[in-house]
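Written out below as structure tokens is the structure these notes cover.
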Amino acid sequence: MSEPSSNSVKRSSSSLIDVRVKKLQELVEAGIQPYTSGFTPDLNSLELKSKYAHISESEQTNELVCLAGRVMAIRIMGKASFMRVHDVAGDFQIYLGRDVLGADQYNWCKKLDIGDIVGVSGLPFKTKTGEVTVLVKELVLLTKSVRPLPEKWHGLSDVETRYRQRYLDLIVNKSSRDIVITRSRIISYVRNFLTTRGFIEVETPMMQPIPGGATARPFETFHHALNRQLYLRIAPELYLKRLLVGGFDKVFEINRNFRNEGISTQHNPEFTMLEFYQAYKTYQDLMRLTEEMLSNLAMEILGSFKFAYGDREVDLTPPWPRITVKESLIENGVLKEHELEDRNAVFIKAMDMGIAVNKADTLGKLLMAIFDEVVESSLWGPVFISQYPVEVSPLARRNDEDPTATDRFELYICGREMANAFTELTDPVDQRNRFEEQVRARQAGDEEAHFLDEDFLRALEYGMPPAAGEGLGIDRLVMLLTNAQSIREVILFPHMRPEKGLE
């Protein structure tokens with residue numbers, strides 16, 4: 001191995017880094033490999049503490065164990081030293097004695113830095129304070145850290161740094177690691193919940209010739225071999241419905257979607273959704289299924305239907321309230337019942353409230369503009385809001401009793417939309433008419449309006465069984481169950497503005 005130079009480490013001017021790089025060079029000169037491979041631990045910190053919890057204070061075992069992790073604290077006491085090492089399960093303590101390791105190895109072990117990754121083998125014992133500790137027989141430097149951990153390794157609080165350098169956040173903040181673990185548990189639970197009910201998991205295209213399934217502005221790309229423009233998917237909906245046409249009755253996909261929109265505490269341009277479809281069911285069936293899935297999920301993850309979010313309590317105890325869009329507007333005191341069908345009255349109300357609306361907006365769009373601005377944030381929930389206007393639900397079936405509304409619901413918890421579902425529109429003529437309305441809206445300047453997908457219409461013409469489908473935001477679900485106030489807390493590597501000096 002060639003000797004590393006301080007110039008080989010991209011860094012800001014720092015005497016601490018210079019010191020570490022010098023140590024790195026000294027290790028190489030002494031014949032110590034600072035970047036090794038092939039060390040295999042047989043226990044992690046949690047398993048170590050559990051396996052040897054029974055031993056008495058000051059008792060030492062004769063069982064050799066191997067562990068590995070990152071050094072997070074060092075306490076040197078002359079001829080003996082203690083170090084605290086962190087691994088994926090937590091942390092553990094090691095004891096290094098000169099009389100055990102020998103003078104040469106002990107002396108170079110004393111030169112280890114916070115952040116170095118080591119492998120140790122030794123004998124477990126329990127200290128007088130009752131902590132299971134490893135008496136090190138051999139220590140191997142696996143990776144030399146040349147950049148010091150932030151803030152004296154006691155934590156990383158700067159939000160910008162935490163999101164940009166998530167690896168540092170995960171090293172020093174247990175709460176961030178816990179979110180990653182909880183997210184994995186949530187996804188595993190959802191997947192198991194559906195598969196045990198007969199759903200099959202599928203994968204649909206992430207690059208699509210026509211973006212569909214949601215109202216959003218897509219990201220565009222170009223495939224040179226095919227010489228055609230493609231779009232990153234905004235939703236998998238139209239492909240999953242094609243599978244219903246093809247004879248699959250229960251399908252789901254845990255998918256990555258991409259929407260060319262702003263970034264906020266609730267939005268990231270790349271995000272994860274659960275989308276599932278079931279033939280011969282209605283949106284009311286999906287209300288019951290969603291209620292069962294999420295309430296049981298809370299019990300699985302948190303051990304209760306009730307838990308804190310921010311400074312308030314969430315109660316997912318079923319059953320959950322169900323009200324229509326119009327009922328929510330009345331209950332919120334925004335509109336009176338006699339105003340709901342008066343387009344001019346609703347338009348004037350929206351204008352008086354300072355809501356951005358157009359003279360050409362239909363009654364349905366005006367009602368939703370007021371709902372989005374005033375009602376949505378007040379819905380602590382959980383609550384199912386149903387019967388959305390046809391104009392804002394181009395893929396949902398019309399309600400039999402009110403043809404201006406659709407058999408659709410959105411689930412709200414903590415003032416946020418968590419899920420969107422509806423009884424699917426299976427009439428190809430009605431679907432074509434609605435697509436054409438969307439095309440006219442796009443031509444008028446609405447960049448989020450749907451495209452017309454002729455192949456999807458052709459699929460509907462072959463016949464799609466009556467069905468219901470739902471999209472549920474995984475990121476927002478993780479936010480809810482981890483008490484995270486920003487979506488960036490639950491996405492490992494959220495999108496950020498370019499960092500100065502690293503563009």
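Residues in the structure tokens are numbered from 1 in each chain, the chains being A, B, ... in the order shown, and ligands are numbered from 1 in the order shown.
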
Spatial neighbours of Asn332 of chain A, 10 Å, only C-alpha atoms, chain gap at least 3 places, as a VMD selection string: chain A and resid 326 to 329 335 to 336 371 374 to 375 378 to 379

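These are the residues of segment 206-240 of chain A assigned alpha helix (DSSP H) by DSSP from backbone coordinates: Glu237, Leu238, Tyr239 and Leu240 of chain A.
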
Out of segment 200-278 of chain A, which residues get strand (DSSP E) from DSSP, as a ChimeraX atom specification? /A:200-201,207-208,220-223,228-232,250-258,270-278

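For the set A:Pro494, A:Tyr462, A:Ser295, A:Arg259, the residue with the smallest atom-to-atom gap to Glu220 of chain A is A:Arg259, counting only C-alpha atoms.
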
Gap from atom CA of Ser264 of chain A to atom CA of Met479 of chain A - Å, one decimal: 13.6 Å

Can you pull out every residue within 12 Å of Asp455 of chain A, counting only C-alpha atoms, but drop anything in the same chain fewer than 5 positions away, and send it as a PyMOL selection string? chain A and resi 209-210+212+238-239+241-242+428+432+460-462

Export of prior selection with N, CA and C atoms as a PDB file, in the first residue's frame:
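And here's selection.pdb as it stands now:
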ATOM      1  N   PRO A 209     -43.915   5.962 -20.993  1.00  0.00           N
ATOM      2  CA  PRO A 209     -44.100   6.833 -22.161  1.00  0.00           C
ATOM      3  C   PRO A 209     -45.159   7.899 -21.939  1.00  0.00           C
ATOM      4  N   ILE A 210     -46.132   7.579 -21.075  1.00  0.00           N
ATOM      5  CA  ILE A 210     -47.183   8.542 -20.729  1.00  0.00           C
ATOM      6  C   ILE A 210     -47.354   8.504 -19.213  1.00  0.00           C
ATOM      7  N   GLY A 212     -49.201   8.882 -15.772  1.00  0.00           N
ATOM      8  CA  GLY A 212     -50.622   8.890 -15.397  1.00  0.00           C
ATOM      9  C   GLY A 212     -50.823   8.380 -14.001  1.00  0.00           C
ATOM     10  N   LEU A 238     -52.162   3.248 -13.476  1.00  0.00           N
ATOM     11  CA  LEU A 238     -52.702   2.749 -14.734  1.00  0.00           C
ATOM     12  C   LEU A 238     -52.112   1.395 -15.118  1.00  0.00           C
ATOM     13  N   TYR A 239     -50.897   1.116 -14.692  1.00  0.00           N
ATOM     14  CA  TYR A 239     -50.313  -0.196 -14.962  1.00  0.00           C
ATOM     15  C   TYR A 239     -50.901  -1.259 -14.044  1.00  0.00           C
ATOM     16  N   LYS A 241     -53.892  -1.232 -12.892  1.00  0.00           N
ATOM     17  CA  LYS A 241     -55.233  -1.514 -13.412  1.00  0.00           C
ATOM     18  C   LYS A 241     -55.170  -2.412 -14.646  1.00  0.00           C
ATOM     19  N   ARG A 242     -54.135  -2.281 -15.428  1.00  0.00           N
ATOM     20  CA  ARG A 242     -53.963  -3.188 -16.565  1.00  0.00           C
ATOM     21  C   ARG A 242     -53.846  -4.636 -16.087  1.00  0.00           C
ATOM     22  N   PRO A 428     -65.119   2.705 -20.333  1.00  0.00           N
ATOM     23  CA  PRO A 428     -64.115   3.309 -21.211  1.00  0.00           C
ATOM     24  C   PRO A 428     -64.599   4.605 -21.868  1.00  0.00           C
ATOM     25  N   ARG A 432     -62.669   8.089 -21.311  1.00  0.00           N
ATOM     26  CA  ARG A 432     -62.155   8.891 -22.422  1.00  0.00           C
ATOM     27  C   ARG A 432     -62.624  10.333 -22.299  1.00  0.00           C
ATOM     28  N   LEU A 460     -59.243  -0.869 -21.034  1.00  0.00           N
ATOM     29  CA  LEU A 460     -60.582  -0.784 -20.454  1.00  0.00           C
ATOM     30  C   LEU A 460     -61.636  -1.320 -21.414  1.00  0.00           C
ATOM     31  N   GLU A 461     -61.417  -1.126 -22.693  1.00  0.00           N
ATOM     32  CA  GLU A 461     -62.388  -1.600 -23.685  1.00  0.00           C
ATOM     33  C   GLU A 461     -62.460  -3.121 -23.721  1.00  0.00           C
ATOM     34  N   TYR A 462     -61.377  -3.800 -23.317  1.00  0.00           N
ATOM     35  CA  TYR A 462     -61.444  -5.256 -23.195  1.00  0.00           C
ATOM     36  C   TYR A 462     -62.242  -5.670 -21.961  1.00  0.00           C
TER      37      TYR A 462
END

Which is closer to Gly69 of chain A than all the others in A:Ser15, A:Thr272, A:Thr143, A:Gln25, using only C-alpha atoms? A:Thr143

Write out as a ChimeraX atom specification the residues lying within 9 Å of Arg434 of chain A, counting only C-alpha atoms and excluding same-chain residues fewer than 3 positions away. /A:390-391,394-395,429-431,437-439

Could you write those residues out with C-alpha atoms, as a PDB file, in the first residue's frame?
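Okay, this is what ended up in out.pdb:
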ATOM      1  CA  VAL A 390     -65.815  14.481 -10.490  1.00  0.00           C
ATOM      2  CA  GLU A 391     -63.663  17.348 -11.832  1.00  0.00           C
ATOM      3  CA  PRO A 394     -60.711  11.748 -13.276  1.00  0.00           C
ATOM      4  CA  LEU A 395     -60.128   8.052 -12.542  1.00  0.00           C
ATOM      5  CA  VAL A 429     -66.409   5.961 -22.728  1.00  0.00           C
ATOM      6  CA  ASP A 430     -66.684   7.926 -19.486  1.00  0.00           C
ATOM      7  CA  GLN A 431     -62.934   7.529 -18.938  1.00  0.00           C
ATOM      8  CA  GLU A 437     -61.301  17.180 -20.175  1.00  0.00           C
ATOM      9  CA  GLN A 438     -57.852  16.813 -18.647  1.00  0.00           C
ATOM     10  CA  VAL A 439     -56.218  17.379 -22.030  1.00  0.00           C
TER      11      VAL A 439
END

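Relative to atom CA of Ala419 of chain A, atom CA of Glu261 of chain A is found at 18.8 Å.
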
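Of the residues under consideration (A:Pro236, A:Pro269, A:Gly310, A:Gly115), A:Pro236 shows the shortest atom-to-atom contact distance to Ile254 of chain A when counting only C-alpha atoms.
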